[in-house]
Amino acid sequence: MKKKCNWLCLLFLMGMTLSFAQEKTITGLVTDQNNIPLPGVNIVIKGTTTGTQSDFDGNYAISASEGDVLVFSYLGQRTTERTVGASSTLNVQMEEDAQALEEVVVIGYGNQEERKIIQNVGIVKEEAIENLQVVSADQLLQGQSAGTQIVNASGVIGSAAVIRVRGVNSINSGSQPLIVIDGVPITDTEGNTLNRGGNTDINPLSYVNPNDIESLTVLKDAGATSIYGSRGANGVILITTKKGRRNSKTTVTLDVNTQFSESTDVPEILTADEFRQFKSEVATLQQGTPVSPEDLGLGSIGDPGTDWLGGVQRTGISQNYNLGVRGGGEKSSFFFGLDYSDREGFIIGNDQQRAAARINIDTDVTDWLKAGMNLGVTNNRLARVFIENEIDAPFTTAFLQSPVVRAFDDEGNFVQSGSFIPNIFARVALDDRELKTFRVIGNAFTEVTPLPGLTWRSEFGMDRLDTEETTREAEFNSPGGLGQQVSVREERWLTNQTLNYTNTFGDDHNLNVLLGLNYEETMRTRLNVFSTGFLTDDLRNLGSGSTPTVLNGDRFPSRLFGLFSRVSYDYKGKYLVEGSIRRDGSSRFGANNRFGYFWSAAAGWILSEETFIKDLNFFDYLSLRASIGTVGNDRLGTFPSLALYSAGAIADYTGQSGIIPGQPANPDLKWEESETLDIGFKSTMFSGRLNFNVSYFKKTTSDLLLNQVLPPQTGFATISRNIGEMENSGWEFDLSGVIAQTENFNWRLNFNLTTIDNEVLKLNEDAATDAQGRRIIDGPIQRAIEGESLNNFFLIRYVGVNPQTGDAEWLDVNGNITTNPGSADRVVTGSPLPDFSGGITNTIRWGDFDLSVLMNYSYGNDVVIDGLRFADGNDAIGGIVNIRRQNLNYWRQPGDNAFLPSPTSSTFNLFNQRSTQQQLDASYLRLKNVTLGYSLPQKVLDRLGGIFSGVRFYGTATNLFTIKRSEMEGIDPEVTDDIDPLFQGESFFTAPQAKTYSLGARIQF
């Protein structure tokens, strides 16, 4: 018996030993078909729920036994199985799966296989943006998609960016693209805030956390945008947020970083003593007798002064925290995200706190029913400052204010400036300007599959934005105090109902048919309250003011109803055709043009499927495509076609309320319509090592909304009518490839370039005309000219200071030298539209290090820095304005190559007039984003107890340096003070971009 027991114990121990011997840690590297490491690959032991994911560098580790089968799955790649053998290392190279790619590329109201896309779309995938540390989603697109130009209007936190897809497409209507987040078109109405000091509208993309974004798709041609009908003329940006992953282990990702920000570049202006010396020298030369600074009321050399420009700047310190939870089972998946940021701008008084949450879930309820939800909530508090051209804008006031004016007395109290230019330090410290916003963007959906190949998707969405802006100015800055509150609520409710039918006939014919209905209701309400006469600054509420001066409220409802369809067909996967049509009805249009039809037709040929191309052994993929179609622009305002009346103080009569006509009716008003032709090809060569894509487009926009003069007897000056035409045409080039690739090193390069030519074809017949008889729209700086570009700088040409005479010289209209130019000497001098623009991205992986370098560039565009009329010269506003340091170089004697004319010259005080002296070449190449990361290797993670599946430390710098013309020294070339199409490339002391440095860590559990 004892012997039997010993044998049993021995067998048991041998079994235990064998079992433990079989269990081991399997490690390896997962790459794609180009040997590029794949992060986030799901690795599961087949038949179990035990699994893990690859880290940021594609490395993984999992406990398994010999003979176990590991299943590797990743979006866009073919699912791969590998059996565990004797080795503890198992590297896997996955292959591209065209069917899986169907889930990757998002288009209007659906998805499409990437290889079969015959629309012109720009695709920015997760791998291109996952390591970019940005504060707004628009920055993820900068330089990454051909034909998409994004200009961050200023460095002020929250300011709206100018986004152009294939150029300016309108004159008086909006030119910003339609933005759709998870199927919900979001509102970006202008005027939701106090519009003072330049482009102060809030960036609509600041309400989506960039860390929650999985991909961005830019729809550019009519083949892609016509499905959005009356809203697609300016392009469409589709943002897809992160979703869960089926059959994967739940992962938790925590990203924490600290950011430091400062100004990119500012001009050098005079110190107090330099200002005193300059003024006294000029006065001495002009009067012929010695004049001291004391004689001019500027104090003595050495007296205190104020560095206003330095004082409005600081090093902003920000904290950002982001948490993401992602996973899913066999039938469900989920993503949950939390985001909190506490940002401090480099401009005093400019701060922001943002908290956001997101939950995206989907589940297969039954074999024929799927349900899900995408919901994002953002709460934002912004301490606002004005951007430019306003006495409360820190940068504007700091440039204008005399340096001899003291900000504080000897006891440290604020001092009044003594002029209309205020003590900006007191304004920022004592006044409150706060913008609070709460936004909910989301939708819920069901997908029913009653028959194979037929899917009915029912979707209900909303976009609700609550905005409250409060201003409270102190007694020191506004006698009696001042308070104002603007409350705006904008709600959009929508439903999309689509039927999608997909079928394959035989082995060669593939058909997809989409039918849909889209209905949207938008209601915007606005309340404005203003009061003055506060007893004390301690009373903050508006009701404490003794004199309510403004009390008004408005309602702006609108509705949209659309029916649409898209049919796609391909034969043998290589001959492709597609057509779409949409019928839109909108309350914004006139009664006689309530409904419009928009259509597109496209064709494609995948040549790489043909034998004569395959035999070349050169192209992995090659396709030709062409499309033509129409889209509309409905950004006409809320009631542009109706007869409107004005009420309130302007209509009161002898103390009684009344109304007066404010806008004439136009029942014929309709959308601006664009017809676009697009031709191009896509190619992949050398086993995926090189990609080259080219597109040509021509977009003609008709029925542009313009103001037509009315007879005086109508009681109205003008009426808005559809009477203009404009054309944009150009080329887009995309080049990407693998520059170098070894086992431990990979370098990928992406380059894109876009050229756009703009021409105004027709303006209204009663428009003003120029000397050549061409119709024009004239402004103080720019002129739109029929037959030329929409944006033309129209200025007097400045030549410079004559070295012999010391006179400033200009050209008259005929090109002759003059020292006394007038407005009749203005001519076309340049354009803010670039000859070409684009971006360059380098992505490098070397062992456990990764480096991404993103640059954007623009060439051939000019800017007019209108503030230089005050920052250059001597006496722009009564001699109280500070000036740039180059003004110290004034003409003194023959032979001087001076910046400023002689103080005794008759041209000395003409120097400040508008001319090309303020027009500068804004061509630039900017290092937009540099990120260096280091991921802990798997062996280090193992030593940490296997708690972490990935740890990455990184440093990021944005706007690190800019290559530009010497004349742009101290001036940001990537700046514009308005999103209005007629005022591009103009600036008036606009705050420059921020240069930021971030240090952070991303930890994955």
# chains A, B, ... in the order shown; residues from 1 in each chain; ligands from 1

$ residues_around --residues "segment 394-397 of chain A" --least-positions-apart "2" --cutoff "10 Å" --atoms "only C-alpha atoms" --output "PDB file with C-alpha atoms, in the first residue's frame"
ATOM      1  CA  GLY A 197     -11.951  92.653 -30.575  1.00  0.00           C
ATOM      2  CA  VAL A 266       6.591  89.804 -30.849  1.00  0.00           C
ATOM      3  CA  TRP A 308       3.487  97.208 -21.278  1.00  0.00           C
ATOM      4  CA  LEU A 309       4.216  94.520 -23.855  1.00  0.00           C
ATOM      5  CA  GLY A 310       6.308  92.490 -21.456  1.00  0.00           C
ATOM      6  CA  GLY A 311       3.704  92.951 -18.747  1.00  0.00           C
ATOM      7  CA  VAL A 312       0.825  91.428 -20.702  1.00  0.00           C
ATOM      8  CA  GLN A 313       2.867  88.285 -21.357  1.00  0.00           C
ATOM      9  CA  ILE A 347      -1.529  86.381 -22.165  1.00  0.00           C
ATOM     10  CA  ILE A 348      -2.533  87.689 -18.749  1.00  0.00           C
ATOM     11  CA  GLY A 349      -6.169  87.123 -17.877  1.00  0.00           C
ATOM     12  CA  ASN A 350      -6.593  84.255 -20.357  1.00  0.00           C
ATOM     13  CA  VAL A 385      -9.452  88.456 -23.319  1.00  0.00           C
ATOM     14  CA  PHE A 386     -10.055  90.198 -26.580  1.00  0.00           C
ATOM     15  CA  ILE A 387      -7.865  89.310 -29.518  1.00  0.00           C
ATOM     16  CA  GLU A 388      -7.140  92.589 -31.274  1.00  0.00           C
ATOM     17  CA  ASN A 389      -8.286  96.074 -32.346  1.00  0.00           C
ATOM     18  CA  GLU A 390      -9.959  96.790 -29.007  1.00  0.00           C
ATOM     19  CA  ILE A 391      -8.798  98.861 -26.068  1.00  0.00           C
ATOM     20  CA  ASP A 392      -9.458  95.885 -23.790  1.00  0.00           C
ATOM     21  CA  PHE A 399       1.537  98.025 -28.385  1.00  0.00           C
ATOM     22  CA  LEU A 400      -0.286 101.359 -28.430  1.00  0.00           C
ATOM     23  CA  GLN A 401       0.337 102.578 -24.902  1.00  0.00           C
ATOM     24  CA  SER A 402       3.147 105.034 -24.371  1.00  0.00           C
ATOM     25  CA  ILE A 421      -5.831 103.956 -24.132  1.00  0.00           C
ATOM     26  CA  PRO A 422      -6.496 102.387 -20.731  1.00  0.00           C
ATOM     27  CA  ASN A 423      -4.246 100.898 -18.087  1.00  0.00           C
ATOM     28  CA  ILE A 424      -4.542  97.357 -19.386  1.00  0.00           C
ATOM     29  CA  PHE A 425      -3.086  95.885 -16.183  1.00  0.00           C
ATOM     30  CA  ARG A 427      -8.480  96.214 -16.829  1.00  0.00           C
ATOM     31  CA  VAL A 428      -7.307  92.622 -16.549  1.00  0.00           C
ATOM     32  CA  GLY A 867      -1.366  97.937 -36.735  1.00  0.00           C
ATOM     33  CA  VAL A 881       1.657 105.711 -29.313  1.00  0.00           C
ATOM     34  CA  PHE A 988      -4.342  94.676 -36.133  1.00  0.00           C
ATOM     35  CA  PHE A 989      -2.018  93.777 -33.252  1.00  0.00           C
ATOM     36  CA  THR A 990      -3.456  90.262 -33.219  1.00  0.00           C
ATOM     37  CA  ALA A 991      -1.973  88.098 -30.479  1.00  0.00           C
ATOM     38  CA  PRO A 992       0.505  85.629 -32.038  1.00  0.00           C
TER      39      PRO A 992
END

$ select_by_dssp --residues "segment 581-615 of chain A" --states "strand (DSSP E or B)" --output "number ranges by chain"
A: 581-586, 595-606

$ residues_around --residues "Leu888 of chain A" --least-positions-apart "3" --cutoff "8 Å" --atoms "only C-alpha atoms" --output "PyMOL selection string"
chain A and resi 278+885+900

$ write_last_selection --atoms "C-alpha atoms" --output "short mmCIF file (atom, residue, chain, number, x, y, z; two decimals), in the first residue's frame"
data_model
loop_
_atom_site.label_atom_id
_atom_site.label_comp_id
_atom_site.auth_asym_id
_atom_site.auth_seq_id
_atom_site.Cartn_x
_atom_site.Cartn_y
_atom_site.Cartn_z
CA PHE A 278 13.37 109.67 -30.04
CA ARG A 885 12.65 99.83 -32.64
CA LEU A 900 11.90 106.29 -41.51
#

$ closest_residue --among "A:Thr958, A:Gln119, A:Gln484, A:Ser923" --to "Asn528 of chain A" --atoms "only C-alpha atoms"
A:Gln484

$ residues_around --residues "Glu214 of chain A" --least-positions-apart "2" --cutoff "12 Å" --atoms "only C-alpha atoms" --output "VMD selection string"
chain A and resid 75 104 to 106 123 to 131 137 140 181 to 182 208 to 212 216 to 217 238 to 244 335

$ select_by_dssp --residues "segment 262-507 of chain A" --states "alpha helix (DSSP H)" --output "ChimeraX atom specification"
/A:272-287,308-311,394-400,424-430

$ write_last_selection --atoms "N, CA and C atoms" --output "compact mmCIF listing (two decimals), in the first residue's frame"
# COMPACT_ATOMS: atom_id res chain seq x y z
N ALA A 272 11.00 103.27 -22.28
CA ALA A 272 10.59 104.63 -21.92
C ALA A 272 11.67 105.65 -22.31
N ASP A 273 12.92 105.36 -22.01
CA ASP A 273 13.98 106.31 -22.32
C ASP A 273 14.23 106.41 -23.82
N GLU A 274 14.15 105.29 -24.53
CA GLU A 274 14.30 105.34 -25.99
C GLU A 274 13.18 106.18 -26.60
N PHE A 275 11.99 106.04 -26.06
CA PHE A 275 10.84 106.82 -26.55
C PHE A 275 11.06 108.31 -26.30
N ARG A 276 11.52 108.65 -25.09
CA ARG A 276 11.79 110.07 -24.75
C ARG A 276 12.87 110.64 -25.67
N GLN A 277 13.93 109.87 -25.86
CA GLN A 277 15.03 110.34 -26.67
C GLN A 277 14.60 110.55 -28.12
N PHE A 278 13.84 109.58 -28.66
CA PHE A 278 13.37 109.67 -30.04
C PHE A 278 12.48 110.89 -30.22
N LYS A 279 11.54 111.09 -29.32
CA LYS A 279 10.60 112.20 -29.45
C LYS A 279 11.33 113.56 -29.35
N SER A 280 12.27 113.64 -28.45
CA SER A 280 12.99 114.92 -28.30
C SER A 280 13.89 115.20 -29.50
N GLU A 281 14.52 114.15 -30.07
CA GLU A 281 15.34 114.33 -31.26
C GLU A 281 14.50 114.79 -32.44
N VAL A 282 13.36 114.17 -32.63
CA VAL A 282 12.49 114.54 -33.74
C VAL A 282 12.00 115.98 -33.59
N ALA A 283 11.56 116.32 -32.38
CA ALA A 283 11.08 117.69 -32.14
C ALA A 283 12.19 118.71 -32.33
N THR A 284 13.40 118.38 -31.92
CA THR A 284 14.54 119.28 -32.08
C THR A 284 14.81 119.56 -33.56
N LEU A 285 14.80 118.50 -34.37
CA LEU A 285 15.05 118.66 -35.80
C LEU A 285 13.92 119.44 -36.47
N GLN A 286 12.71 119.17 -36.06
CA GLN A 286 11.57 119.84 -36.70
C GLN A 286 11.48 121.32 -36.31
N GLN A 287 11.82 121.66 -35.06
CA GLN A 287 11.67 123.03 -34.59
C GLN A 287 12.95 123.86 -34.74
N TRP A 308 4.85 97.71 -21.12
CA TRP A 308 3.49 97.21 -21.28
C TRP A 308 3.46 95.87 -22.01
N LEU A 309 4.25 95.75 -23.07
CA LEU A 309 4.22 94.52 -23.86
C LEU A 309 4.75 93.34 -23.06
N GLY A 310 5.81 93.56 -22.31
CA GLY A 310 6.31 92.49 -21.46
C GLY A 310 5.34 92.15 -20.34
N GLY A 311 4.62 93.17 -19.87
CA GLY A 311 3.70 92.95 -18.75
C GLY A 311 2.46 92.17 -19.08
N PRO A 394 -5.35 92.91 -24.62
CA PRO A 394 -4.03 93.17 -24.02
C PRO A 394 -2.93 93.49 -25.02
N PHE A 395 -2.84 92.73 -26.11
CA PHE A 395 -1.75 92.98 -27.05
C PHE A 395 -1.93 94.30 -27.78
N THR A 396 -3.14 94.62 -28.17
CA THR A 396 -3.38 95.89 -28.86
C THR A 396 -3.00 97.06 -27.97
N THR A 397 -3.50 97.04 -26.74
CA THR A 397 -3.23 98.14 -25.82
C THR A 397 -1.76 98.22 -25.45
N ALA A 398 -1.11 97.08 -25.27
CA ALA A 398 0.31 97.08 -24.91
C ALA A 398 1.17 97.67 -26.01
N PHE A 399 0.80 97.43 -27.28
CA PHE A 399 1.54 98.02 -28.39
C PHE A 399 1.31 99.53 -28.46
N LEU A 400 0.06 99.96 -28.23
CA LEU A 400 -0.29 101.36 -28.43
C LEU A 400 0.15 102.25 -27.28
N ILE A 424 -4.07 98.72 -19.11
CA ILE A 424 -4.54 97.36 -19.39
C ILE A 424 -4.32 96.43 -18.20
N PHE A 425 -3.30 96.71 -17.37
CA PHE A 425 -3.09 95.88 -16.18
C PHE A 425 -4.28 96.01 -15.24
N ALA A 426 -4.81 97.23 -15.10
CA ALA A 426 -5.98 97.44 -14.25
C ALA A 426 -7.20 96.77 -14.85
N ARG A 427 -7.34 96.84 -16.16
CA ARG A 427 -8.48 96.21 -16.83
C ARG A 427 -8.51 94.70 -16.56
N VAL A 428 -7.36 94.08 -16.72
CA VAL A 428 -7.31 92.62 -16.55
C VAL A 428 -7.49 92.24 -15.09
N ALA A 429 -6.87 92.99 -14.18
CA ALA A 429 -6.90 92.63 -12.76
C ALA A 429 -8.26 92.91 -12.11
N LEU A 430 -8.92 94.00 -12.49
CA LEU A 430 -10.12 94.42 -11.78
C LEU A 430 -11.42 93.99 -12.46

$ closest_residue --among "A:Ser586, A:Thr742, A:Thr769, A:Ser949" --to "Ala61 of chain A" --atoms "only C-alpha atoms"
A:Ser949

$ residues_around --residues "Glu66 of chain A" --least-positions-apart "5" --cutoff "10 Å" --atoms "only C-alpha atoms" --output "list in words"
Ala21, Gln22, Glu23, Lys24, Ile26, Thr83, Val84, Gly85, Ala86, Ser87 and Ser88 of chain A

$ write_last_selection --atoms "C-alpha atoms" --output "compact mmCIF listing (two decimals), in the first residue's frame"
# COMPACT_ATOMS: atom_id res chain seq x y z
CA ALA A 21 7.07 23.44 -17.33
CA GLN A 22 4.52 23.99 -20.10
CA GLU A 23 3.30 27.38 -18.75
CA LYS A 24 5.55 30.25 -19.75
CA ILE A 26 5.36 34.38 -24.50
CA THR A 83 0.55 28.10 -32.18
CA VAL A 84 2.85 28.35 -29.16
CA GLY A 85 5.89 26.15 -29.60
CA ALA A 86 9.03 25.52 -27.63
CA SER A 87 10.29 29.07 -28.05
CA SER A 88 9.21 31.82 -25.69

$ closest_residue --among "A:Leu833, A:Ile150, A:Ile777, A:Leu868" --to "Gly724 of chain A" --atoms "only C-alpha atoms"
A:Ile777

$ residues_around --residues "Gly822 of chain A" --least-positions-apart "4" --cutoff "10 Å" --atoms "only C-alpha atoms" --output "short mmCIF file (atom, residue, chain, number, x, y, z; two decimals) with C-alpha atoms, in the first residue's frame"
data_model
loop_
_atom_site.label_atom_id
_atom_site.label_comp_id
_atom_site.auth_asym_id
_atom_site.auth_seq_id
_atom_site.Cartn_x
_atom_site.Cartn_y
_atom_site.Cartn_z
CA ILE A 796 -0.76 102.51 -52.45
CA TRP A 810 5.40 106.02 -53.18
CA ASP A 812 1.12 106.83 -58.16
CA VAL A 813 -1.45 104.86 -60.10
CA THR A 818 5.35 110.62 -55.81
CA ARG A 826 -4.35 102.44 -55.00
CA GLN A 913 -1.02 105.99 -44.19
#

$ residues_around --residues "Leu622 of chain A" --least-positions-apart "4" --cutoff "10 Å" --atoms "only C-alpha atoms" --output "PDB file with C-alpha atoms, in the first residue's frame"
ATOM      1  CA  ARG A 115      -9.428  50.504 -51.957  1.00  0.00           C
ATOM      2  CA  TRP A 605     -10.947  52.085 -62.492  1.00  0.00           C
ATOM      3  CA  ILE A 606      -8.574  50.005 -60.373  1.00  0.00           C
ATOM      4  CA  LEU A 607      -5.886  49.425 -62.961  1.00  0.00           C
ATOM      5  CA  SER A 608      -3.751  47.330 -60.633  1.00  0.00           C
ATOM      6  CA  GLU A 609      -6.311  44.538 -61.077  1.00  0.00           C
ATOM      7  CA  GLU A 610      -5.597  44.458 -64.805  1.00  0.00           C
ATOM      8  CA  ILE A 613      -0.448  46.430 -64.873  1.00  0.00           C
ATOM      9  CA  PHE A 618       5.620  47.844 -60.127  1.00  0.00           C
ATOM     10  CA  PHE A 681      -5.354  58.844 -59.289  1.00  0.00           C
ATOM     11  CA  LYS A 682      -4.047  56.897 -56.284  1.00  0.00           C
ATOM     12  CA  SER A 683      -1.079  54.584 -56.288  1.00  0.00           C
ATOM     13  CA  THR A 684       0.949  52.325 -54.022  1.00  0.00           C
ATOM     14  CA  MET A 685       4.314  50.974 -55.146  1.00  0.00           C
ATOM     15  CA  ASN A 691       2.243  56.082 -52.089  1.00  0.00           C
ATOM     16  CA  PHE A 692       1.556  58.893 -54.556  1.00  0.00           C
ATOM     17  CA  ASN A 693      -1.819  60.526 -55.143  1.00  0.00           C
TER      18      ASN A 693
END

$ atom_distance --atom1 "atom CA of Leu70 of chain A" --atom2 "atom CA of Ser54 of chain A"
12.9 Å

$ closest_residue --among "A:Phe408, A:Phe983, A:Phe414, A:Phe561" --to "Arg783 of chain A" --atoms "only C-alpha atoms"
A:Phe983
